[in-house]
Amino acid sequence: MKMNKVKLGDIGKVSMCKRILKHQTMEKGDIPFFKISTFGGKANVFISKNVYEKYRNKFSFPKKGDILISAAGTIGKTVIYDGKPAYFQDSNIVWIENDEKKVLNRYLYYFYQTKPWQTTNGSTITRIYNNNLRDITITFPDISTQSAITQILTSLDDKIELNNKINKELENLAKTVYEYWFVQNADKKWEKGKLSDIANITMGQSPDGNSYNEQGEGIIFFQGCTDFGSRFPTIRLYTTKPVRFAEAGDILLSVRAPVGSINFSNKKCCIGRGLAALNSKIGSITHLYYILKDLEMVFNNRNTNGTTFGAITKDDLFSLPVTKPPRDILVQYEKIAKPIFDKQFEIEEESSTLSQLRDFLLPLLMNGQVTVKAIESKTDIIPFKNQENNDQRFKMWLKNQRLAARGEIDLQTLREIFGAMDDDDK
């Protein structure tokens, strides 16, 4: 595949976002105001329409389709501006006005995911300067090939985004089911106990530091919650001298600052002293998960109020107070909750696989090592889903949320719904 080369400064204009006075922001307002700390996420402060129009007339603003990049903090966070009214304040946020006659904005967006500004000598980058961006050499094929490449990568991202959307709703659904059974209909006569009564708990222990490696030698190793994701941790380290283990399906609980963060182990792994692994003694992992989620809220509230938990000891963790519902109640609850829980695992596993595939293909497509035709010949690995059908499946979940929360959907019906979601364009 023929690849062309050009410096960004020759096809795009690089500008810094402009500062406005801090006192002009407010907690609620009309226009979201993004700082470097909230860039790429949700704004937590706002400005009025009057202030927005004042600065819009005074400064140049990004246009719909322009690329915005964080030049400090989390360096290289990239978004394509959707054109909705917003203000981006920070000289650490830059935007690129690009001539799409040569390079598509969407192609540029994916090109930046390869972090072309990184040095190869191992030095830490603390900031990208505008001239750094202008001097970046961009490799690109013809426009039609650019379009085909972005369609492949966007297809993967769209499917991951849809999965995240479904799993978020599934989490709400599962939480609603839990609260219906164990909060709204809790019985004061239910037995009181401690966490170790309902959970097998393994406290982590760090192996010899000389055994750590990134080459996949030995077993996966998680030291603490640094690598936690939305549901599963990101694998970065391995150890050849494991000490304490978590099994696939165990809950991973952070026991050092911050205390209370939760993920799941989807593979057998070694856990360090920053984590504990838990599974249910009473046959309901979903019940245990939401018990721990309630405790996570307690720890978060204490952290917010200034009483930061640096760590929780083994004795304290084992003795945390819990309520122990009767086994027959747990059995009935598990019939409703477990299929939802299993589906979340399945979807998260798929998203993890798709993310790995996207990250593997990205540099190969950007430098021409693999062609679009070579990928399209293996379409079984690319999730070209029917977006309309996906949206319909998602709406079906919303429609059935209340029914499931009241226990009005039986196990077979849930299975049929899951099956419909899996019936991808047959």
# chains A, B, ... in the order shown; residues from 1 in each chain; ligands from 1
call {"tool": "residues_around", "arguments": {"residues": "Phe140 of chain A", "least_positions_apart": "5", "cutoff": "7 Å", "atoms": "only C-alpha atoms", "output": "list in words"}}
result
Met3, Asn4, Lys5 and Met366 of chain A
call {"tool": "residues_around", "arguments": {"residues": "Pro62 of chain A", "least_positions_apart": "6", "cutoff": "12 Å", "atoms": "only C-alpha atoms", "output": "list of chain:residue names"}}
result
A:Lys13, A:Val14, A:Ser15, A:Met16, A:Cys17, A:Lys18, A:Arg56, A:Leu68, A:Ile69, A:Val79, A:Ile80, A:Tyr81, A:Asp82, A:Gly83, A:Lys84, A:Pro85, A:Ala86, A:Tyr87, A:Phe88, A:Gln89, A:Ile93, A:Val94, A:Trp95, A:Ile96, A:Glu97, A:Asn98
call {"tool": "write_last_selection", "arguments": {"atoms": "C-alpha atoms", "output": "compact mmCIF listing (two decimals), in the first residue's frame"}}
result
# COMPACT_ATOMS: atom_id res chain seq x y z
CA LYS A 13 -3.42 24.85 11.89
CA VAL A 14 -2.52 24.15 15.53
CA SER A 15 -4.02 26.51 18.14
CA MET A 16 -4.19 26.70 21.93
CA CYS A 17 -7.48 27.07 23.74
CA LYS A 18 -7.92 30.44 25.49
CA ARG A 56 -16.90 33.46 21.00
CA LEU A 68 -8.79 18.45 20.20
CA ILE A 69 -5.77 17.00 22.03
CA VAL A 79 -11.55 13.87 20.66
CA ILE A 80 -13.26 15.02 17.48
CA TYR A 81 -15.31 18.09 18.40
CA ASP A 82 -19.00 17.43 17.83
CA GLY A 83 -19.86 21.12 17.41
CA LYS A 84 -22.17 21.35 20.41
CA PRO A 85 -21.76 24.60 22.40
CA ALA A 86 -18.86 24.14 24.84
CA TYR A 87 -15.86 26.06 26.08
CA PHE A 88 -12.41 24.52 26.34
CA GLN A 89 -10.16 26.48 28.67
CA ILE A 93 -5.74 21.73 25.28
CA VAL A 94 -4.94 22.36 21.63
CA TRP A 95 -7.04 21.99 18.55
CA ILE A 96 -6.19 21.23 14.96
CA GLU A 97 -7.98 22.71 11.96
CA ASN A 98 -7.18 20.29 9.18
call {"tool": "closest_residue", "arguments": {"among": "A:Met203, A:Met26, A:Lys267, A:Ile11", "to": "Asp99 of chain A", "atoms": "only C-alpha atoms"}}
result
A:Ile11
call {"tool": "residues_around", "arguments": {"residues": "segment 100-115 of chain A", "least_positions_apart": "4", "cutoff": "8 Å", "atoms": "only C-alpha atoms", "output": "ChimeraX atom specification"}}
result
/A:11,65-67,76,78-80,138,140,142-143,146-147,149-150,362-363,366
call {"tool": "closest_atom_pairs", "arguments": {"of": "segment 130-212 of chain A", "to": "segment 270-275 of chain A", "cutoff": "6 Å", "atoms": "only C-alpha atoms", "output": "CSV"}}
result
residue,atom,partner,partner_atom,distance
A:Gly204,CA,A:Arg273,CA,4.4
A:Gln205,CA,A:Arg273,CA,4.4
A:Ser206,CA,A:Gly272,CA,4.0
call {"tool": "atom_distance", "arguments": {"atom1": "atom CA of Phe318 of chain A", "atom2": "atom CA of Cys225 of chain A"}}
result
19.6 Å
call {"tool": "residues_around", "arguments": {"residues": "Gln344 of chain A", "least_positions_apart": "4", "cutoff": "7 Å", "atoms": "only C-alpha atoms", "output": "ChimeraX atom specification"}}
result
/A:167,170,340,348
call {"tool": "closest_residue", "arguments": {"among": "A:Ile262, A:Tyr178, A:Thr353, A:Leu8", "to": "Gln332 of chain A", "atoms": "only C-alpha atoms"}}
result
A:Tyr178
call {"tool": "atom_distance", "arguments": {"atom1": "atom CA of Ser351 of chain A", "atom2": "atom CA of Asp227 of chain A"}}
result
16.4 Å
call {"tool": "decode", "arguments": {"residues": "segment 130-231 of chain A", "atoms": "C-alpha atoms", "output": "short mmCIF file (atom, residue, chain, number, x, y, z; two decimals), in the first residue's frame"}}
result
data_model
loop_
_atom_site.label_atom_id
_atom_site.label_comp_id
_atom_site.auth_asym_id
_atom_site.auth_seq_id
_atom_site.Cartn_x
_atom_site.Cartn_y
_atom_site.Cartn_z
CA ASN A 130 2.41 23.17 19.57
CA ASN A 131 5.59 22.98 17.51
CA ASN A 132 5.90 19.30 18.46
CA LEU A 133 2.52 18.72 16.86
CA ARG A 134 3.31 20.84 13.79
CA ASP A 135 6.50 18.84 13.20
CA ILE A 136 4.83 15.42 13.42
CA THR A 137 5.22 13.49 10.17
CA ILE A 138 1.92 11.89 9.21
CA THR A 139 1.86 8.80 7.02
CA PHE A 140 -1.32 8.31 5.02
CA PRO A 141 -2.71 6.48 1.96
CA ASP A 142 -5.19 7.89 -0.57
CA ILE A 143 -8.53 9.28 0.64
CA SER A 144 -10.60 6.20 -0.29
CA THR A 145 -8.21 3.92 1.63
CA GLN A 146 -8.26 6.31 4.59
CA SER A 147 -12.04 6.06 4.58
CA ALA A 148 -11.93 2.26 4.50
CA ILE A 149 -9.41 2.15 7.36
CA THR A 150 -11.49 4.46 9.54
CA GLN A 151 -14.62 2.41 8.83
CA ILE A 152 -12.90 -0.70 10.20
CA LEU A 153 -11.58 1.03 13.32
CA THR A 154 -14.82 2.95 13.88
CA SER A 155 -16.79 -0.29 13.59
CA LEU A 156 -14.73 -1.73 16.44
CA ASP A 157 -15.11 1.42 18.55
CA ASP A 158 -18.85 1.60 17.89
CA LYS A 159 -19.36 -1.98 19.00
CA ILE A 160 -17.29 -1.38 22.16
CA GLU A 161 -19.32 1.77 22.89
CA LEU A 162 -22.59 -0.12 22.39
CA ASN A 163 -21.36 -2.89 24.70
CA ASN A 164 -20.49 -0.30 27.35
CA LYS A 165 -23.93 1.23 26.99
CA ILE A 166 -25.65 -2.14 27.37
CA ASN A 167 -23.49 -3.13 30.33
CA LYS A 168 -24.19 0.15 32.08
CA GLU A 169 -27.90 -0.53 31.73
CA LEU A 170 -27.41 -4.12 32.85
CA GLU A 171 -25.62 -2.81 35.93
CA ASN A 172 -28.60 -0.56 36.69
CA LEU A 173 -30.92 -3.51 36.15
CA ALA A 174 -28.94 -5.80 38.44
CA LYS A 175 -28.73 -3.11 41.10
CA THR A 176 -32.49 -2.58 40.91
CA VAL A 177 -33.07 -6.32 41.33
CA TYR A 178 -30.73 -6.43 44.34
CA GLU A 179 -32.41 -3.46 46.04
CA TYR A 180 -35.87 -4.93 45.44
CA TRP A 181 -34.92 -8.19 47.15
CA PHE A 182 -32.58 -7.02 49.91
CA VAL A 183 -33.39 -3.37 50.62
CA GLN A 184 -37.04 -2.71 49.88
CA ASN A 185 -38.13 -6.18 51.07
CA ALA A 186 -35.50 -6.72 53.77
CA ASP A 187 -36.73 -8.47 56.91
CA LYS A 188 -35.53 -7.15 60.28
CA LYS A 189 -35.46 -10.73 61.51
CA TRP A 190 -32.73 -11.72 59.06
CA GLU A 191 -29.56 -12.89 60.79
CA LYS A 192 -26.69 -10.46 61.32
CA GLY A 193 -23.12 -11.56 60.72
CA LYS A 194 -19.76 -10.51 59.34
CA LEU A 195 -18.27 -10.52 55.86
CA SER A 196 -16.22 -13.67 56.45
CA ASP A 197 -19.49 -15.54 57.17
CA ILE A 198 -20.64 -15.13 53.56
CA ALA A 199 -17.32 -14.83 51.68
CA ASN A 200 -14.09 -16.77 51.25
CA ILE A 201 -11.44 -14.04 51.50
CA THR A 202 -7.83 -14.25 50.33
CA MET A 203 -5.57 -11.35 51.28
CA GLY A 204 -2.93 -10.58 48.66
CA GLN A 205 0.79 -10.91 49.20
CA SER A 206 3.37 -9.43 46.86
CA PRO A 207 5.92 -11.83 45.33
CA ASP A 208 9.63 -11.14 44.95
CA GLY A 209 10.03 -7.94 42.93
CA ASN A 210 12.75 -9.55 40.81
CA SER A 211 10.13 -11.94 39.42
CA TYR A 212 8.05 -9.15 37.80
CA ASN A 213 8.10 -8.99 34.01
CA GLU A 214 6.09 -7.70 31.04
CA GLN A 215 6.97 -10.57 28.71
CA GLY A 216 4.24 -12.96 29.85
CA GLU A 217 6.54 -15.22 31.86
CA GLY A 218 4.75 -16.97 34.72
CA ILE A 219 1.27 -15.87 35.83
CA ILE A 220 -0.67 -12.61 35.56
CA PHE A 221 0.06 -10.31 38.51
CA PHE A 222 -2.03 -7.45 39.90
CA GLN A 223 -0.45 -5.46 42.71
CA GLY A 224 -3.38 -3.11 43.40
CA CYS A 225 -6.23 -1.21 41.78
CA THR A 226 -4.02 0.91 39.50
CA ASP A 227 -4.89 -1.31 36.55
CA PHE A 228 -8.61 -1.63 37.33
CA GLY A 229 -10.95 -1.12 34.41
CA SER A 230 -14.74 -0.91 34.17
CA ARG A 231 -15.02 -4.58 35.17
#
